[in-house]
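Shown next: start_4.pdb, containing PDB, C-alpha atoms.
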ATOM      1  CA  MET A   1      85.221  72.368  89.421  1.00  0.00           C
ATOM      2  CA  HIS A   2      88.062  70.405  90.908  1.00  0.00           C
ATOM      3  CA  GLY A   3      91.754  70.246  90.155  1.00  0.00           C
ATOM      4  CA  TYR A   4      94.550  72.741  89.847  1.00  0.00           C
ATOM      5  CA  PHE A   5      93.399  75.148  87.163  1.00  0.00           C
ATOM      6  CA  GLY A   6      95.553  78.249  87.604  1.00  0.00           C
ATOM      7  CA  ILE A   7      98.250  76.826  89.853  1.00  0.00           C
ATOM      8  CA  ARG A   8     100.117  79.209  92.082  1.00  0.00           C
ATOM      9  CA  VAL A   9     103.240  77.678  93.603  1.00  0.00           C
ATOM     10  CA  PHE A  10     104.604  78.707  96.980  1.00  0.00           C
ATOM     11  CA  LYS A  11     107.933  77.578  98.395  1.00  0.00           C
ATOM     12  CA  ASN A  12     107.753  76.480 102.018  1.00  0.00           C
ATOM     13  CA  TYR A  13     111.213  77.076 103.437  1.00  0.00           C
ATOM     14  CA  GLN A  14     111.109  74.400 106.103  1.00  0.00           C
ATOM     15  CA  ALA A  15     113.770  71.732 106.399  1.00  0.00           C
ATOM     16  CA  ASP A  16     111.961  69.454 103.944  1.00  0.00           C
ATOM     17  CA  GLN A  17     111.711  72.180 101.279  1.00  0.00           C
ATOM     18  CA  SER A  18     108.180  71.085 100.452  1.00  0.00           C
ATOM     19  CA  ILE A  19     106.030  72.862  97.905  1.00  0.00           C
ATOM     20  CA  VAL A  20     102.524  74.100  98.635  1.00  0.00           C
ATOM     21  CA  ILE A  21     100.041  74.868  95.862  1.00  0.00           C
ATOM     22  CA  GLU A  22      96.837  76.883  95.941  1.00  0.00           C
ATOM     23  CA  ARG A  23      94.084  74.872  94.305  1.00  0.00           C
ATOM     24  CA  SER A  24      91.305  76.315  92.177  1.00  0.00           C
ATOM     25  CA  ASP A  25      88.936  75.951  95.122  1.00  0.00           C
ATOM     26  CA  GLY A  26      91.200  78.220  97.194  1.00  0.00           C
ATOM     27  CA  LEU A  27      92.519  75.486  99.475  1.00  0.00           C
ATOM     28  CA  LEU A  28      96.227  75.072 100.075  1.00  0.00           C
ATOM     29  CA  GLN A  29      97.668  71.601  99.643  1.00  0.00           C
ATOM     30  CA  ASN A  30     101.157  70.340 100.377  1.00  0.00           C
ATOM     31  CA  VAL A  31     102.513  68.478  97.349  1.00  0.00           C
ATOM     32  CA  LYS A  32     104.000  65.854  99.699  1.00  0.00           C
ATOM     33  CA  SER A  33     100.436  64.819 100.595  1.00  0.00           C
ATOM     34  CA  MET A  34      99.779  64.216  96.897  1.00  0.00           C
ATOM     35  CA  GLU A  35     102.483  61.538  96.507  1.00  0.00           C
ATOM     36  CA  ASN A  36     101.268  58.309  94.907  1.00  0.00           C
ATOM     37  CA  GLN A  37      98.218  60.017  93.409  1.00  0.00           C
ATOM     38  CA  LEU A  38      97.506  60.249  89.698  1.00  0.00           C
ATOM     39  CA  PHE A  39      96.300  63.535  88.234  1.00  0.00           C
ATOM     40  CA  ILE A  40      95.124  64.085  84.670  1.00  0.00           C
ATOM     41  CA  PHE A  41      96.146  67.435  83.168  1.00  0.00           C
ATOM     42  CA  ALA A  42      94.819  68.429  79.768  1.00  0.00           C
ATOM     43  CA  HIS A  43      97.574  69.703  77.462  1.00  0.00           C
ATOM     44  CA  ARG A  44      96.585  73.241  76.431  1.00  0.00           C
ATOM     45  CA  GLY A  45      93.059  72.305  77.432  1.00  0.00           C
ATOM     46  CA  PHE A  46      91.065  69.742  75.435  1.00  0.00           C
ATOM     47  CA  SER A  47      93.253  70.637  72.466  1.00  0.00           C
ATOM     48  CA  SER A  48      92.529  67.588  70.320  1.00  0.00           C
ATOM     49  CA  ILE A  49      88.945  68.786  69.805  1.00  0.00           C
ATOM     50  CA  TYR A  50      89.008  72.496  70.728  1.00  0.00           C
ATOM     51  CA  PRO A  51      91.420  75.283  69.781  1.00  0.00           C
ATOM     52  CA  GLU A  52      94.399  75.092  72.117  1.00  0.00           C
ATOM     53  CA  ASN A  53      94.888  77.551  74.960  1.00  0.00           C
ATOM     54  CA  THR A  54      91.390  79.034  74.704  1.00  0.00           C
ATOM     55  CA  LEU A  55      88.694  79.267  77.346  1.00  0.00           C
ATOM     56  CA  VAL A  56      86.441  76.868  75.419  1.00  0.00           C
ATOM     57  CA  SER A  57      89.263  74.315  75.444  1.00  0.00           C
ATOM     58  CA  PHE A  58      89.950  74.755  79.181  1.00  0.00           C
ATOM     59  CA  ASN A  59      86.267  74.507  80.100  1.00  0.00           C
ATOM     60  CA  ALA A  60      85.817  71.390  77.958  1.00  0.00           C
ATOM     61  CA  ALA A  61      88.815  69.750  79.659  1.00  0.00           C
ATOM     62  CA  VAL A  62      87.498  70.415  83.159  1.00  0.00           C
ATOM     63  CA  ASN A  63      83.952  69.386  82.176  1.00  0.00           C
ATOM     64  CA  SER A  64      85.372  66.135  80.773  1.00  0.00           C
ATOM     65  CA  GLY A  65      86.931  65.270  84.121  1.00  0.00           C
ATOM     66  CA  ALA A  66      90.512  66.529  83.823  1.00  0.00           C
ATOM     67  CA  ASP A  67      92.055  67.482  87.161  1.00  0.00           C
ATOM     68  CA  GLY A  68      93.591  70.567  85.599  1.00  0.00           C
ATOM     69  CA  VAL A  69      95.099  72.060  82.474  1.00  0.00           C
ATOM     70  CA  GLU A  70      98.593  72.796  81.289  1.00  0.00           C
ATOM     71  CA  LEU A  71      98.845  76.203  79.655  1.00  0.00           C
ATOM     72  CA  ASP A  72     101.493  78.529  78.313  1.00  0.00           C
ATOM     73  CA  VAL A  73     101.931  82.185  79.232  1.00  0.00           C
ATOM     74  CA  ARG A  74     103.513  84.961  77.177  1.00  0.00           C
ATOM     75  CA  GLN A  75     103.841  88.694  77.798  1.00  0.00           C
ATOM     76  CA  SER A  76     102.773  91.361  75.307  1.00  0.00           C
ATOM     77  CA  VAL A  77     104.836  94.448  74.571  1.00  0.00           C
ATOM     78  CA  ASP A  78     102.558  96.417  76.926  1.00  0.00           C
ATOM     79  CA  GLY A  79     103.028  93.978  79.793  1.00  0.00           C
ATOM     80  CA  LYS A  80      99.826  91.902  79.616  1.00  0.00           C
ATOM     81  CA  LEU A  81     100.117  88.202  80.510  1.00  0.00           C
ATOM     82  CA  LEU A  82      98.238  86.133  77.971  1.00  0.00           C
ATOM     83  CA  VAL A  83      97.773  82.451  77.233  1.00  0.00           C
ATOM     84  CA  MET A  84      99.668  81.476  74.070  1.00  0.00           C
ATOM     85  CA  HIS A  85     102.020  78.584  73.350  1.00  0.00           C
ATOM     86  CA  ASP A  86     103.895  79.930  70.352  1.00  0.00           C
ATOM     87  CA  GLY A  87     106.153  82.953  70.404  1.00  0.00           C
ATOM     88  CA  ASP A  88     104.076  84.377  67.564  1.00  0.00           C
ATOM     89  CA  VAL A  89     100.354  84.534  66.834  1.00  0.00           C
ATOM     90  CA  ASP A  90     100.610  83.239  63.264  1.00  0.00           C
ATOM     91  CA  ARG A  91      99.661  79.553  63.679  1.00  0.00           C
ATOM     92  CA  THR A  92      96.674  79.844  66.029  1.00  0.00           C
ATOM     93  CA  THR A  93      95.099  83.180  65.092  1.00  0.00           C
ATOM     94  CA  ASN A  94      94.270  85.273  62.061  1.00  0.00           C
ATOM     95  CA  GLY A  95      97.070  87.715  62.967  1.00  0.00           C
ATOM     96  CA  THR A  96     100.805  87.873  62.471  1.00  0.00           C
ATOM     97  CA  GLY A  97     103.739  88.878  64.603  1.00  0.00           C
ATOM     98  CA  LEU A  98     105.695  88.068  67.722  1.00  0.00           C
ATOM     99  CA  VAL A  99     103.704  88.196  70.959  1.00  0.00           C
ATOM    100  CA  ARG A 100     106.454  90.182  72.708  1.00  0.00           C
ATOM    101  CA  GLU A 101     106.234  92.859  69.991  1.00  0.00           C
ATOM    102  CA  LEU A 102     102.417  93.125  69.850  1.00  0.00           C
ATOM    103  CA  THR A 103     100.019  95.095  72.039  1.00  0.00           C
ATOM    104  CA  TRP A 104      97.190  93.462  73.937  1.00  0.00           C
ATOM    105  CA  GLU A 105      94.768  95.771  72.116  1.00  0.00           C
ATOM    106  CA  TYR A 106      95.824  94.210  68.796  1.00  0.00           C
ATOM    107  CA  MET A 107      95.842  90.618  70.063  1.00  0.00           C
ATOM    108  CA  SER A 108      92.532  90.914  71.913  1.00  0.00           C
ATOM    109  CA  ASN A 109      90.812  91.407  68.559  1.00  0.00           C
ATOM    110  CA  LEU A 110      92.316  88.324  66.900  1.00  0.00           C
ATOM    111  CA  ASP A 111      90.317  85.191  66.131  1.00  0.00           C
ATOM    112  CA  ALA A 112      91.951  82.276  67.985  1.00  0.00           C
ATOM    113  CA  GLY A 113      89.430  79.615  67.004  1.00  0.00           C
ATOM    114  CA  SER A 114      88.703  79.476  63.298  1.00  0.00           C
ATOM    115  CA  TRP A 115      92.145  78.027  62.434  1.00  0.00           C
ATOM    116  CA  MET A 116      90.763  74.787  63.873  1.00  0.00           C
ATOM    117  CA  SER A 117      87.163  75.021  62.661  1.00  0.00           C
ATOM    118  CA  ASP A 118      84.549  77.611  61.707  1.00  0.00           C
ATOM    119  CA  GLU A 119      82.628  76.329  64.739  1.00  0.00           C
ATOM    120  CA  PHE A 120      85.130  78.174  66.968  1.00  0.00           C
ATOM    121  CA  LYS A 121      85.228  81.422  65.021  1.00  0.00           C
ATOM    122  CA  GLY A 122      85.408  84.353  67.412  1.00  0.00           C
ATOM    123  CA  GLU A 123      87.276  82.591  70.230  1.00  0.00           C
ATOM    124  CA  HIS A 124      89.779  85.043  71.645  1.00  0.00           C
ATOM    125  CA  ILE A 125      93.245  84.773  73.161  1.00  0.00           C
ATOM    126  CA  PRO A 126      92.636  84.737  76.924  1.00  0.00           C
ATOM    127  CA  LEU A 127      94.501  86.793  79.467  1.00  0.00           C
ATOM    128  CA  LEU A 128      96.043  84.716  82.232  1.00  0.00           C
ATOM    129  CA  ALA A 129      93.661  86.389  84.689  1.00  0.00           C
ATOM    130  CA  GLU A 130      90.687  84.909  82.821  1.00  0.00           C
TER     131      GLU A 130
END
Target format structure tokens, applied to this file:
Amino acid sequence: MHGYFGIRVFKNYQADQSIVIERSDGLLQNVKSMENQLFIFAHRGFSSIYPENTLVSFNAAVNSGADGVELDVRQSVDGKLLVMHDGDVDRTTNGTGLVRELTWEYMSNLDAGSWMSDEFKGEHIPLLAE
């Protein structure tokens, strides 16, 4: 896998105030050295064909040649960081409620795939760590 899946940003407090990122392969790269390069990031994964912000969508994006994925992170009431665009789970799962008011135990049992197609039934909301 190549690209910047799971970006971690570090500020380098030198005079130039450059930014260094840790790539998915564990290497550090100065953003300045990436000037004039084009990178393709898949919005919420390969979300036109797969349910957005799910592992199947992220894997499909990387396998299709994307350099990385854009994803959204929310925090549950019990402090878990999970991948979810909306502030609630209503549109993309079979559950209801605001992410910030729900426990991870509840959300981990929701179906995050069948809203798009029965083919993706059983996809779960991923934790950021996944």
Within 10 Å of region 106-117 of chain A using all atoms listed in the file, minus same-chain residues under 4 positions, as a PyMOL selection string: chain A and resi 47-54+56-57+76+82+84+89-97+99+102+121-127
Please evaluate the PyMOL selection byres ((chain A and resi 64) around 12) against the displayed coordinates and give the resulting residues as a list in words. Met1, His2, Ile40, Phe41, Ala42, Gly45, Phe46, Ile49, Ser57, Phe58, Asn59, Ala60, Ala61, Val62, Asn63, Gly65, Ala66, Asp67, Gly68 and Val69 of chain A
Could you spell out the hits of the PyMOL selection byres ((chain A and resi 85) around 7) on the shown file, as a CSV table (one decimal) with C-alpha atoms, in the coordinates of the input?
chain,number,residue,atom,x,y,z
A,72,ASP,CA,101.5,78.5,78.3
A,73,VAL,CA,101.9,82.2,79.2
A,83,VAL,CA,97.8,82.5,77.2
A,84,MET,CA,99.7,81.5,74.1
A,86,ASP,CA,103.9,79.9,70.4
A,87,GLY,CA,106.2,83.0,70.4
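Note that CA of Phe39 (chain A) and CA of Arg74 (chain A) are 25.2 Å apart.
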Could you work out how far CA of Gln75 (chain A) lies from CA of Thr103 (chain A), giving the answer in Å with one decimal?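 That distance, rounded to one decimal, is 9.4 Å.
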Hey, can you check how far CA of Lys80 (chain A) sits from CA of Trp104 (chain A)?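 About the pair CA of Lys80 (chain A) and CA of Trp104 (chain A): they are 6.5 Å apart.
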Edge lengths and centre, in Å to one decimal, as JSON: that's what I need for the box along x, y and z that holds all listed atoms of region 60-77 of chain A plus 8 Å on each side.
{"center_x": 94.4, "center_y": 79.9, "center_z": 80.9, "size_x": 36.9, "size_y": 45.2, "size_z": 28.6}
